[in-house]
Amino acid sequence: MEKQKLVLPICIIIGCLILGGFYYATQVQKQQSIEKQQKIDLEAKEVERQIKVEQEKKEYIVKRKAECYDLETSERKKFNNVDGSGYNEEKDVCIVRYKTDEYKGVDCETKYKDNFSLRFQCKLGIFTNEF
């Protein structure tokens, strides 16, 4: 008889343990799912931020190129020897090229052997100004 009295409480305890285990496992899975979603959200925000930064950079470059073109136009009004212009992204400068007779009769290879940029300008008969 005494065994029968113990069976019911043991069954209740075992049932509670099983239900508790399922509840615990469900909560762990729920927490992992929340953490995974938060990670995905953070990654998405980082991608959006990177896209925004890239877009701002592109807009800045377009703005600087337009400013460079305006500067070239302004220089053309002042001087008749403007050859062209270009925007250097690395230096963030506008480079305006001017034609010159300064290098006529100069041996560019010898005079500017250690400076490729000046040697190149000498051969083309130009000089540049950075803005």
# chains A, B, ... in the order shown; residues from 1 in each chain; ligands from 1

$ residues_around --residues "A:Leu124" --least-positions-apart "4" --cutoff "9 Å" --atoms "only C-alpha atoms" --output "PyMOL selection string"
chain A and resi 99+103+119-120

$ write_last_selection --atoms "N, CA and C atoms" --output "PDB file, in the first residue's frame"
ATOM      1  N   LYS A  99      49.389  75.331 -70.883  1.00  0.00           N
ATOM      2  CA  LYS A  99      50.440  75.183 -71.896  1.00  0.00           C
ATOM      3  C   LYS A  99      51.512  76.231 -71.607  1.00  0.00           C
ATOM      4  N   TYR A 103      59.583  75.146 -71.596  1.00  0.00           N
ATOM      5  CA  TYR A 103      60.433  73.968 -71.773  1.00  0.00           C
ATOM      6  C   TYR A 103      61.007  73.841 -73.190  1.00  0.00           C
ATOM      7  N   ARG A 119      59.445  65.766 -65.623  1.00  0.00           N
ATOM      8  CA  ARG A 119      59.923  65.284 -66.920  1.00  0.00           C
ATOM      9  C   ARG A 119      58.733  65.128 -67.878  1.00  0.00           C
ATOM     10  N   PHE A 120      57.648  64.593 -67.362  1.00  0.00           N
ATOM     11  CA  PHE A 120      56.426  64.406 -68.150  1.00  0.00           C
ATOM     12  C   PHE A 120      55.855  65.757 -68.573  1.00  0.00           C
TER      13      PHE A 120
END

$ residues_around --residues "A:Tyr60" --least-positions-apart "6" --cutoff "12 Å" --atoms "only C-alpha atoms" --output "number ranges by chain"
A: 53-54, 66-67, 87, 89, 92

$ write_last_selection --atoms "C-alpha atoms" --output "tab-separated table (two decimals), in the first residue's frame"
chain	number	residue	atom	x	y	z
A	53	VAL	CA	29.14	56.50	-46.36
A	54	GLU	CA	29.90	55.33	-49.92
A	66	ALA	CA	31.96	70.11	-60.68
A	67	GLU	CA	33.94	72.65	-58.65
A	87	TYR	CA	40.23	66.11	-60.00
A	89	GLU	CA	40.65	61.93	-55.48
A	92	ASP	CA	41.47	65.88	-52.95

$ residues_around --residues "A:Gly125" --least-positions-apart "6" --cutoff "12 Å" --atoms "only C-alpha atoms" --output "list in words"
Asn81, Val82, Asp83, Arg97, Tyr98, Lys99, Thr100, Asp101, Glu102, Tyr103, Lys104, Gly105, Val106, Asp107, Cys108, Leu118 and Arg119 of chain A

$ write_last_selection --atoms "C-alpha atoms" --output "mmCIF file, in the first residue's frame"
data_model
loop_
_atom_site.group_PDB
_atom_site.id
_atom_site.type_symbol
_atom_site.label_atom_id
_atom_site.label_comp_id
_atom_site.auth_asym_id
_atom_site.auth_seq_id
_atom_site.Cartn_x
_atom_site.Cartn_y
_atom_site.Cartn_z
ATOM 1 C CA ASN A 81 46.812 78.887 -72.199
ATOM 2 C CA VAL A 82 44.573 76.568 -70.127
ATOM 3 C CA ASP A 83 44.951 73.022 -71.435
ATOM 4 C CA ARG A 97 46.996 72.242 -66.737
ATOM 5 C CA TYR A 98 48.443 75.182 -68.633
ATOM 6 C CA LYS A 99 50.440 75.183 -71.896
ATOM 7 C CA THR A 100 53.852 76.804 -71.696
ATOM 8 C CA ASP A 101 56.858 77.557 -73.887
ATOM 9 C CA GLU A 102 59.113 77.401 -70.817
ATOM 10 C CA TYR A 103 60.433 73.968 -71.773
ATOM 11 C CA LYS A 104 61.291 74.714 -75.434
ATOM 12 C CA GLY A 105 64.817 73.581 -76.206
ATOM 13 C CA VAL A 106 65.179 71.846 -72.818
ATOM 14 C CA ASP A 107 66.480 68.278 -72.663
ATOM 15 C CA CYS A 108 63.717 66.983 -70.397
ATOM 16 C CA LEU A 118 58.364 67.357 -64.126
ATOM 17 C CA ARG A 119 59.923 65.284 -66.920
#

$ atom_distance --atom1 "atom CA of A:Glu130" --atom2 "atom CA of A:Cys94"
5.6 Å

$ select_by_dssp --residues "stretch 13-124 of chain A" --states "strand (DSSP E or B)" --output "count of residues only"
14

$ atom_distance --atom1 "atom CA of A:Thr73" --atom2 "atom CA of A:Thr128"
15.2 Å

$ decode --residues "stretch 52-71 of chain A" --atoms "N, CA and C atoms" --output "short mmCIF file (atom, residue, chain, number, x, y, z; two decimals), in the first residue's frame"
data_model
loop_
_atom_site.label_atom_id
_atom_site.label_comp_id
_atom_site.auth_asym_id
_atom_site.auth_seq_id
_atom_site.Cartn_x
_atom_site.Cartn_y
_atom_site.Cartn_z
N LYS A 52 25.60 54.28 -46.99
CA LYS A 52 25.44 55.73 -46.82
C LYS A 52 26.78 56.45 -46.93
N VAL A 53 27.80 55.90 -46.30
CA VAL A 53 29.14 56.50 -46.36
C VAL A 53 29.64 56.52 -47.80
N GLU A 54 29.47 55.41 -48.52
CA GLU A 54 29.90 55.33 -49.92
C GLU A 54 29.13 56.35 -50.77
N GLN A 55 27.83 56.46 -50.53
CA GLN A 55 27.02 57.41 -51.28
C GLN A 55 27.48 58.84 -51.01
N GLU A 56 27.75 59.15 -49.74
CA GLU A 56 28.23 60.49 -49.40
C GLU A 56 29.57 60.77 -50.07
N LYS A 57 30.44 59.76 -50.11
CA LYS A 57 31.74 59.91 -50.75
C LYS A 57 31.56 60.19 -52.24
N LYS A 58 30.68 59.43 -52.90
CA LYS A 58 30.42 59.64 -54.32
C LYS A 58 29.86 61.03 -54.58
N GLU A 59 28.94 61.47 -53.72
CA GLU A 59 28.37 62.80 -53.88
C GLU A 59 29.43 63.87 -53.69
N TYR A 60 30.33 63.67 -52.75
CA TYR A 60 31.42 64.62 -52.52
C TYR A 60 32.32 64.70 -53.75
N ILE A 61 32.65 63.54 -54.32
CA ILE A 61 33.52 63.51 -55.50
C ILE A 61 32.85 64.22 -56.67
N VAL A 62 31.56 63.99 -56.86
CA VAL A 62 30.83 64.66 -57.94
C VAL A 62 30.86 66.17 -57.71
N LYS A 63 30.65 66.58 -56.47
CA LYS A 63 30.68 68.01 -56.12
C LYS A 63 32.06 68.60 -56.42
N ARG A 64 33.11 67.90 -56.00
CA ARG A 64 34.48 68.39 -56.22
C ARG A 64 34.82 68.44 -57.72
N LYS A 65 34.36 67.46 -58.49
CA LYS A 65 34.61 67.47 -59.93
C LYS A 65 33.91 68.67 -60.59
N ALA A 66 32.69 68.95 -60.14
CA ALA A 66 31.96 70.11 -60.68
C ALA A 66 32.68 71.40 -60.31
N GLU A 67 33.18 71.47 -59.07
CA GLU A 67 33.94 72.65 -58.65
C GLU A 67 35.21 72.79 -59.48
N CYS A 68 35.84 71.68 -59.78
CA CYS A 68 37.06 71.69 -60.59
C CYS A 68 36.76 72.18 -62.00
N TYR A 69 35.66 71.73 -62.56
CA TYR A 69 35.27 72.19 -63.89
C TYR A 69 34.99 73.69 -63.87
N ASP A 70 34.29 74.15 -62.82
CA ASP A 70 34.01 75.59 -62.69
C ASP A 70 35.32 76.38 -62.56
N LEU A 71 36.26 75.82 -61.83
CA LEU A 71 37.56 76.47 -61.66
C LEU A 71 38.30 76.56 -62.99
#
